[in-house]
file work-v3.txt (compact mmCIF, C-alpha atoms)
# COMPACT_ATOMS: atom_id res chain seq x y z
CA MET A 1 -59.21 39.14 7.60
CA GLU A 2 -55.53 39.22 6.78
CA ASP A 3 -54.34 38.26 3.36
CA HIS A 4 -51.99 35.34 3.46
CA ILE A 5 -49.17 35.77 0.95
CA PRO A 6 -47.39 32.48 0.31
CA GLN A 7 -43.64 32.80 0.68
CA LYS A 8 -41.29 31.09 -1.75
CA SER A 9 -39.45 28.01 -0.54
CA TRP A 10 -35.76 28.14 0.39
CA PHE A 11 -34.78 26.40 -2.85
CA ALA A 12 -36.91 28.75 -4.96
CA ARG A 13 -35.17 31.73 -3.37
CA ASN A 14 -31.62 30.31 -3.57
CA TRP A 15 -31.54 28.05 -6.63
CA GLY A 16 -29.17 30.41 -8.49
CA TRP A 17 -26.21 29.55 -6.28
CA ALA A 18 -27.36 26.25 -4.73
CA VAL A 19 -27.44 24.30 -8.01
CA PRO A 20 -23.89 25.18 -9.18
CA VAL A 21 -22.40 24.69 -5.70
CA GLY A 22 -24.26 21.39 -5.24
CA GLY A 23 -23.14 20.20 -8.68
CA CYS A 24 -19.50 21.08 -8.00
CA LEU A 25 -19.59 19.38 -4.60
CA THR A 26 -21.09 16.28 -6.17
CA ILE A 27 -18.33 16.14 -8.80
CA ILE A 28 -15.63 16.63 -6.12
CA ILE A 29 -17.10 13.91 -3.91
CA LEU A 30 -17.38 11.48 -6.84
CA PHE A 31 -13.74 12.21 -7.79
CA PHE A 32 -12.52 11.38 -4.28
CA ILE A 33 -14.62 8.21 -4.17
CA PHE A 34 -13.11 7.15 -7.51
CA LEU A 35 -9.58 8.00 -6.36
CA GLY A 36 -10.04 6.10 -3.10
CA SER A 37 -11.39 3.01 -4.84
CA LEU A 38 -8.51 3.12 -7.33
CA ILE A 39 -5.90 3.33 -4.55
CA PHE A 40 -7.64 0.59 -2.55
CA GLY A 41 -7.88 -1.67 -5.60
CA VAL A 42 -4.21 -1.27 -6.52
CA SER A 43 -3.02 -1.80 -2.95
CA GLU A 44 -5.24 -4.89 -2.64
CA LEU A 45 -3.83 -6.27 -5.89
CA ILE A 46 -0.25 -5.69 -4.71
CA SER A 47 -0.82 -7.14 -1.26
CA GLU A 48 -2.01 -10.37 -2.88
CA SER A 49 1.09 -10.63 -5.10
CA VAL A 50 3.66 -13.40 -4.61
CA PRO A 51 6.62 -11.08 -3.82
CA TYR A 52 4.61 -9.23 -1.19
CA GLN A 53 3.44 -12.48 0.43
CA ASP A 54 6.98 -13.96 0.31
CA ALA A 55 8.45 -10.88 1.99
CA ILE A 56 5.84 -10.83 4.77
CA LYS A 57 6.31 -14.57 5.34
CA LYS A 58 10.11 -14.22 5.47
CA VAL A 59 9.99 -11.33 7.98
CA ASN A 60 7.61 -13.30 10.22
CA GLU A 61 10.05 -16.24 10.23
CA ASP A 62 13.15 -14.19 11.15
CA GLU A 63 13.84 -14.53 14.88
CA TYR A 64 16.09 -11.46 15.04
CA VAL A 65 13.44 -9.18 13.52
CA ILE A 66 10.80 -10.71 15.81
CA ASN A 67 12.99 -9.98 18.85
CA ILE A 68 13.33 -6.33 17.81
CA LEU A 69 9.75 -5.62 16.64
CA GLY A 70 7.80 -8.18 18.68
CA GLU A 71 4.97 -10.39 17.52
CA PRO A 72 2.76 -10.16 15.55
CA ILE A 73 4.50 -8.27 12.75
CA GLU A 74 2.02 -6.72 10.35
CA THR A 75 1.94 -4.14 7.59
CA ASP A 76 1.57 -0.51 8.56
CA GLY A 77 0.48 1.63 5.64
CA MET A 78 0.80 1.74 1.89
CA MET A 79 3.48 -0.05 -0.06
CA ASN A 80 5.80 1.99 -2.30
CA GLY A 81 7.70 0.95 -5.39
CA SER A 82 6.94 -0.94 -8.56
CA LEU A 83 5.64 -4.37 -9.36
CA SER A 84 5.20 -5.55 -12.95
CA TYR A 85 4.19 -8.77 -14.69
CA GLU A 86 4.38 -9.54 -18.36
CA ASN A 87 3.74 -13.06 -19.63
CA ASN A 88 5.98 -15.31 -17.49
CA GLN A 89 8.38 -12.51 -16.54
CA GLY A 90 8.21 -9.78 -13.98
CA SER A 91 10.07 -7.53 -11.62
CA ALA A 92 9.53 -6.18 -8.14
CA ASP A 93 11.19 -3.30 -6.33
CA ILE A 94 9.00 -2.52 -3.33
CA SER A 95 9.14 -1.22 0.22
CA ILE A 96 6.54 -2.20 2.78
CA PRO A 97 6.10 -0.40 6.12
CA ILE A 98 5.80 -2.96 8.92
CA LYS A 99 5.25 -2.76 12.66
CA GLY A 100 5.20 -4.87 15.75
CA PRO A 101 4.33 -4.14 19.39
CA LYS A 102 7.90 -2.97 20.06
CA GLY A 103 8.61 -0.81 17.01
CA GLU A 104 8.33 0.01 13.33
CA ALA A 105 10.48 -0.77 10.29
CA GLU A 106 10.58 -0.76 6.51
CA LEU A 107 10.79 -4.02 4.54
CA TYR A 108 12.57 -3.78 1.16
CA LEU A 109 12.39 -6.32 -1.65
CA VAL A 110 14.01 -6.51 -5.09
CA GLY A 111 13.41 -9.48 -7.33
CA THR A 112 12.69 -10.80 -10.78
CA LYS A 113 10.35 -13.41 -12.17
CA GLU A 114 11.35 -15.77 -14.97
CA ASN A 115 9.36 -18.82 -16.07
CA ASP A 116 6.85 -18.35 -13.23
CA GLN A 117 9.63 -18.43 -10.60
CA TRP A 118 10.49 -15.44 -8.39
CA THR A 119 14.16 -14.88 -7.48
CA TYR A 120 15.04 -12.20 -4.93
CA THR A 121 18.33 -10.32 -5.05
CA GLU A 122 17.56 -8.15 -2.02
CA MET A 123 15.23 -8.59 0.92
CA TYR A 124 16.01 -6.65 4.06
CA VAL A 125 14.46 -4.76 6.94
CA ILE A 126 15.57 -1.34 8.20
CA ILE A 127 14.59 -0.71 11.81
CA GLU A 128 13.20 2.81 12.14
CA GLU A 129 14.65 3.71 15.55
CA THR A 130 18.23 2.53 14.98
CA ASP A 131 18.56 2.47 11.14
CA GLU A 132 19.88 -1.10 11.50
CA GLN A 133 19.67 -3.11 8.29
CA ILE A 134 18.79 -6.80 8.65
CA ASP A 135 19.34 -9.05 5.63
CA LEU A 136 16.54 -11.61 5.36
CA LEU A 137 18.13 -13.62 2.56
CA GLY A 138 21.38 -14.35 4.41
CA TYR A 139 23.44 -17.01 2.67
CA GLN A 140 20.75 -17.45 0.00
CA GLN A 141 21.65 -14.06 -1.44
CA ASP A 142 25.37 -14.96 -1.53
CA GLU A 143 24.61 -18.23 -3.34
CA TYR A 144 22.49 -16.35 -5.89
CA ASN A 145 25.25 -13.82 -6.60
CA GLU A 146 27.90 -16.55 -7.08
CA ASN A 147 25.73 -18.65 -9.43
CA PRO A 148 23.51 -16.27 -11.42
call {"tool": "encode", "arguments": {"input": "work-v3.txt", "output": "structure tokens"}}
result
Amino acid sequence: MEDHIPQKSWFARNWGWAVPVGGCLTIIILFFIFLGSLIFGVSELISESVPYQDAIKKVNEDEYVINILGEPIETDGMMNGSLSYENNQGSADISIPIKGPKGEAELYLVGTKENDQWTYTEMYVIIEETDEQIDLLGYQQDEYNENP
């Protein structure tokens, strides 16, 4: 009869390198999950802000932009810039990538908040293909600059 010698398991033979590599991979994966949730949370918070919503609403009401980009116009990526609130005051300086069936553009917004009221000094769209700048505030911006 042959003697049966039990062989060690894969983990028993390789634990010396498997544990450190597995631990490092776990830490790296957890870091990327944390980073992704942080980015998603911040972008969700910004996309629910009043300036962001006002800008998207204004661009969807502008017939000239709709003719160039088509309908529906929706966001296309992550917003850039800064948005801050403190008590009843705040400021926004953001750019939002947007797209429609006919093309892509960048929506820019600059504004301030005083006494729970947002006032925008700049709100315009730059069409990606032609670099055309379309002012969304129109005469409202001129009125604001004359009567600050």
call {"tool": "atom_distance", "arguments": {"input": "work-v3.txt", "atom1": "CA of Val125 (chain A)", "atom2": "CA of Ile94 (chain A)"}}
result
11.8 Å
call {"tool": "closest_residue", "arguments": {"input": "work-v3.txt", "among": "A:Val21, A:Val50, A:Leu107, A:Met79", "to": "Glu128 (chain A)", "atoms": "all atoms listed in the file"}}
result
A:Leu107
call {"tool": "closest_residue", "arguments": {"input": "work-v3.txt", "among": "A:Lys8, A:Lys113, A:Lys58, A:Lys99", "to": "Gly138 (chain A)", "atoms": "all atoms listed in the file"}}
result
A:Lys58
call {"tool": "atom_distance", "arguments": {"input": "work-v3.txt", "atom1": "CA of Phe32 (chain A)", "atom2": "CA of Trp15 (chain A)"}}
result
25.4 Å
call {"tool": "closest_residue", "arguments": {"input": "work-v3.txt", "among": "A:Ile73, A:Ile27, A:Leu136, A:Val110", "to": "Ser91 (chain A)", "atoms": "all atoms listed in the file"}}
result
A:Val110
call {"tool": "residues_around", "arguments": {"input": "work-v3.txt", "residues": "Asp116 (chain A)", "least_positions_apart": "4", "cutoff": "10 Å", "atoms": "only C-alpha atoms", "output": "NGL selection string"}}
result
:A and (87-90 or 112)
call {"tool": "decode", "arguments": {"input": "work-v3.txt", "residues": "region 9-117 of chain A", "atoms": "C-alpha atoms", "output": "mmCIF file, in the first residue's frame"}}
result
data_model
loop_
_atom_site.group_PDB
_atom_site.id
_atom_site.type_symbol
_atom_site.label_atom_id
_atom_site.label_comp_id
_atom_site.auth_asym_id
_atom_site.auth_seq_id
_atom_site.Cartn_x
_atom_site.Cartn_y
_atom_site.Cartn_z
ATOM 1 C CA SER A 9 -3.110 23.878 0.773
ATOM 2 C CA TRP A 10 -2.388 26.728 -1.645
ATOM 3 C CA PHE A 11 -2.789 29.311 1.123
ATOM 4 C CA ALA A 12 -0.507 27.393 3.488
ATOM 5 C CA ARG A 13 2.193 27.344 0.803
ATOM 6 C CA ASN A 14 1.793 30.988 -0.273
ATOM 7 C CA TRP A 15 0.638 32.907 2.804
ATOM 8 C CA GLY A 16 3.939 34.826 3.037
ATOM 9 C CA TRP A 17 3.191 36.917 -0.038
ATOM 10 C CA ALA A 18 -0.587 36.499 -0.342
ATOM 11 C CA VAL A 19 -1.430 38.244 2.950
ATOM 12 C CA PRO A 20 0.580 41.453 2.322
ATOM 13 C CA VAL A 21 -0.559 41.692 -1.313
ATOM 14 C CA GLY A 22 -4.187 41.028 -0.353
ATOM 15 C CA GLY A 23 -3.992 43.621 2.441
ATOM 16 C CA CYS A 24 -2.505 46.260 0.125
ATOM 17 C CA LEU A 25 -5.114 45.569 -2.553
ATOM 18 C CA THR A 26 -7.872 45.862 0.028
ATOM 19 C CA ILE A 27 -6.554 49.241 1.208
ATOM 20 C CA ILE A 28 -6.252 50.492 -2.401
ATOM 21 C CA ILE A 29 -9.774 49.350 -3.262
ATOM 22 C CA LEU A 30 -11.215 50.969 -0.111
ATOM 23 C CA PHE A 31 -9.385 54.221 -0.947
ATOM 24 C CA PHE A 32 -10.905 54.338 -4.440
ATOM 25 C CA ILE A 33 -14.367 53.550 -3.080
ATOM 26 C CA PHE A 34 -13.988 56.394 -0.569
ATOM 27 C CA LEU A 35 -12.703 58.781 -3.246
ATOM 28 C CA GLY A 36 -15.544 57.881 -5.610
ATOM 29 C CA SER A 37 -18.196 58.365 -2.948
ATOM 30 C CA LEU A 38 -16.660 61.711 -1.976
ATOM 31 C CA ILE A 39 -16.673 62.950 -5.591
ATOM 32 C CA PHE A 40 -20.217 61.663 -6.146
ATOM 33 C CA GLY A 41 -21.449 63.288 -2.939
ATOM 34 C CA VAL A 42 -19.932 66.677 -3.749
ATOM 35 C CA SER A 43 -21.196 66.644 -7.337
ATOM 36 C CA GLU A 44 -24.677 65.647 -6.124
ATOM 37 C CA LEU A 45 -24.644 68.488 -3.596
ATOM 38 C CA ILE A 46 -23.600 70.997 -6.266
ATOM 39 C CA SER A 47 -26.110 69.779 -8.833
ATOM 40 C CA GLU A 48 -28.895 70.407 -6.313
ATOM 41 C CA SER A 49 -27.725 73.985 -5.626
ATOM 42 C CA VAL A 50 -29.823 76.996 -6.658
ATOM 43 C CA PRO A 51 -27.197 78.515 -9.033
ATOM 44 C CA TYR A 52 -26.757 75.205 -10.840
ATOM 45 C CA GLN A 53 -30.524 74.725 -11.202
ATOM 46 C CA ASP A 54 -31.007 78.353 -12.338
ATOM 47 C CA ALA A 55 -28.313 78.007 -15.003
ATOM 48 C CA ILE A 56 -29.722 74.731 -16.368
ATOM 49 C CA LYS A 57 -33.233 76.211 -16.415
ATOM 50 C CA LYS A 58 -32.038 79.361 -18.212
ATOM 51 C CA VAL A 59 -30.146 77.395 -20.888
ATOM 52 C CA ASN A 60 -33.199 75.205 -21.528
ATOM 53 C CA GLU A 61 -35.336 78.326 -22.056
ATOM 54 C CA ASP A 62 -32.974 80.013 -24.545
ATOM 55 C CA GLU A 63 -34.237 79.417 -28.096
ATOM 56 C CA TYR A 64 -30.905 80.290 -29.731
ATOM 57 C CA VAL A 65 -28.986 77.733 -27.662
ATOM 58 C CA ILE A 66 -31.710 75.145 -28.295
ATOM 59 C CA ASN A 67 -31.416 75.744 -32.062
ATOM 60 C CA ILE A 68 -27.657 75.162 -31.919
ATOM 61 C CA LEU A 69 -27.506 72.211 -29.491
ATOM 62 C CA GLY A 70 -30.954 70.666 -30.018
ATOM 63 C CA GLU A 71 -33.329 69.351 -27.391
ATOM 64 C CA PRO A 72 -33.056 68.038 -24.741
ATOM 65 C CA ILE A 73 -30.063 69.891 -23.332
ATOM 66 C CA GLU A 74 -28.504 68.039 -20.421
ATOM 67 C CA THR A 75 -25.316 68.068 -18.392
ATOM 68 C CA ASP A 76 -22.338 66.174 -19.731
ATOM 69 C CA GLY A 77 -19.751 65.517 -17.054
ATOM 70 C CA MET A 78 -18.453 67.073 -13.882
ATOM 71 C CA MET A 79 -18.885 70.701 -12.976
ATOM 72 C CA ASN A 80 -15.779 72.826 -12.336
ATOM 73 C CA GLY A 81 -15.359 75.921 -10.214
ATOM 74 C CA SER A 82 -16.340 77.010 -6.751
ATOM 75 C CA LEU A 83 -19.585 77.326 -4.877
ATOM 76 C CA SER A 84 -19.708 78.592 -1.299
ATOM 77 C CA TYR A 85 -22.405 79.416 1.244
ATOM 78 C CA GLU A 86 -21.973 81.134 4.559
ATOM 79 C CA ASN A 87 -25.004 82.223 6.578
ATOM 80 C CA ASN A 88 -27.179 84.191 4.121
ATOM 81 C CA GLN A 89 -24.311 84.993 1.763
ATOM 82 C CA GLY A 90 -22.585 83.019 -0.921
ATOM 83 C CA SER A 91 -20.765 83.050 -4.206
ATOM 84 C CA ALA A 92 -20.688 80.900 -7.299
ATOM 85 C CA ASP A 93 -18.166 80.734 -10.122
ATOM 86 C CA ILE A 94 -18.869 77.508 -11.990
ATOM 87 C CA SER A 95 -18.694 75.939 -15.425
ATOM 88 C CA ILE A 96 -20.983 73.106 -16.420
ATOM 89 C CA PRO A 97 -20.425 70.940 -19.509
ATOM 90 C CA ILE A 98 -23.700 70.567 -21.423
ATOM 91 C CA LYS A 99 -24.758 68.705 -24.545
ATOM 92 C CA GLY A 100 -27.646 68.294 -26.893
ATOM 93 C CA PRO A 101 -28.261 66.014 -29.879
ATOM 94 C CA LYS A 102 -26.521 68.498 -32.201
ATOM 95 C CA GLY A 103 -23.453 69.452 -30.171
ATOM 96 C CA GLU A 104 -21.663 70.223 -26.934
ATOM 97 C CA ALA A 105 -20.966 73.423 -25.014
ATOM 98 C CA GLU A 106 -19.800 74.835 -21.706
ATOM 99 C CA LEU A 107 -22.175 76.817 -19.468
ATOM 100 C CA TYR A 108 -20.514 79.473 -17.271
ATOM 101 C CA LEU A 109 -22.073 81.167 -14.252
ATOM 102 C CA VAL A 110 -20.827 83.847 -11.854
ATOM 103 C CA GLY A 111 -23.047 85.122 -9.086
ATOM 104 C CA THR A 112 -23.410 86.155 -5.485
ATOM 105 C CA LYS A 113 -25.973 85.488 -2.795
ATOM 106 C CA GLU A 114 -27.072 88.147 -0.321
ATOM 107 C CA ASN A 115 -30.040 87.830 2.041
ATOM 108 C CA ASP A 116 -31.056 84.489 0.509
ATOM 109 C CA GLN A 117 -31.248 86.018 -3.001
#
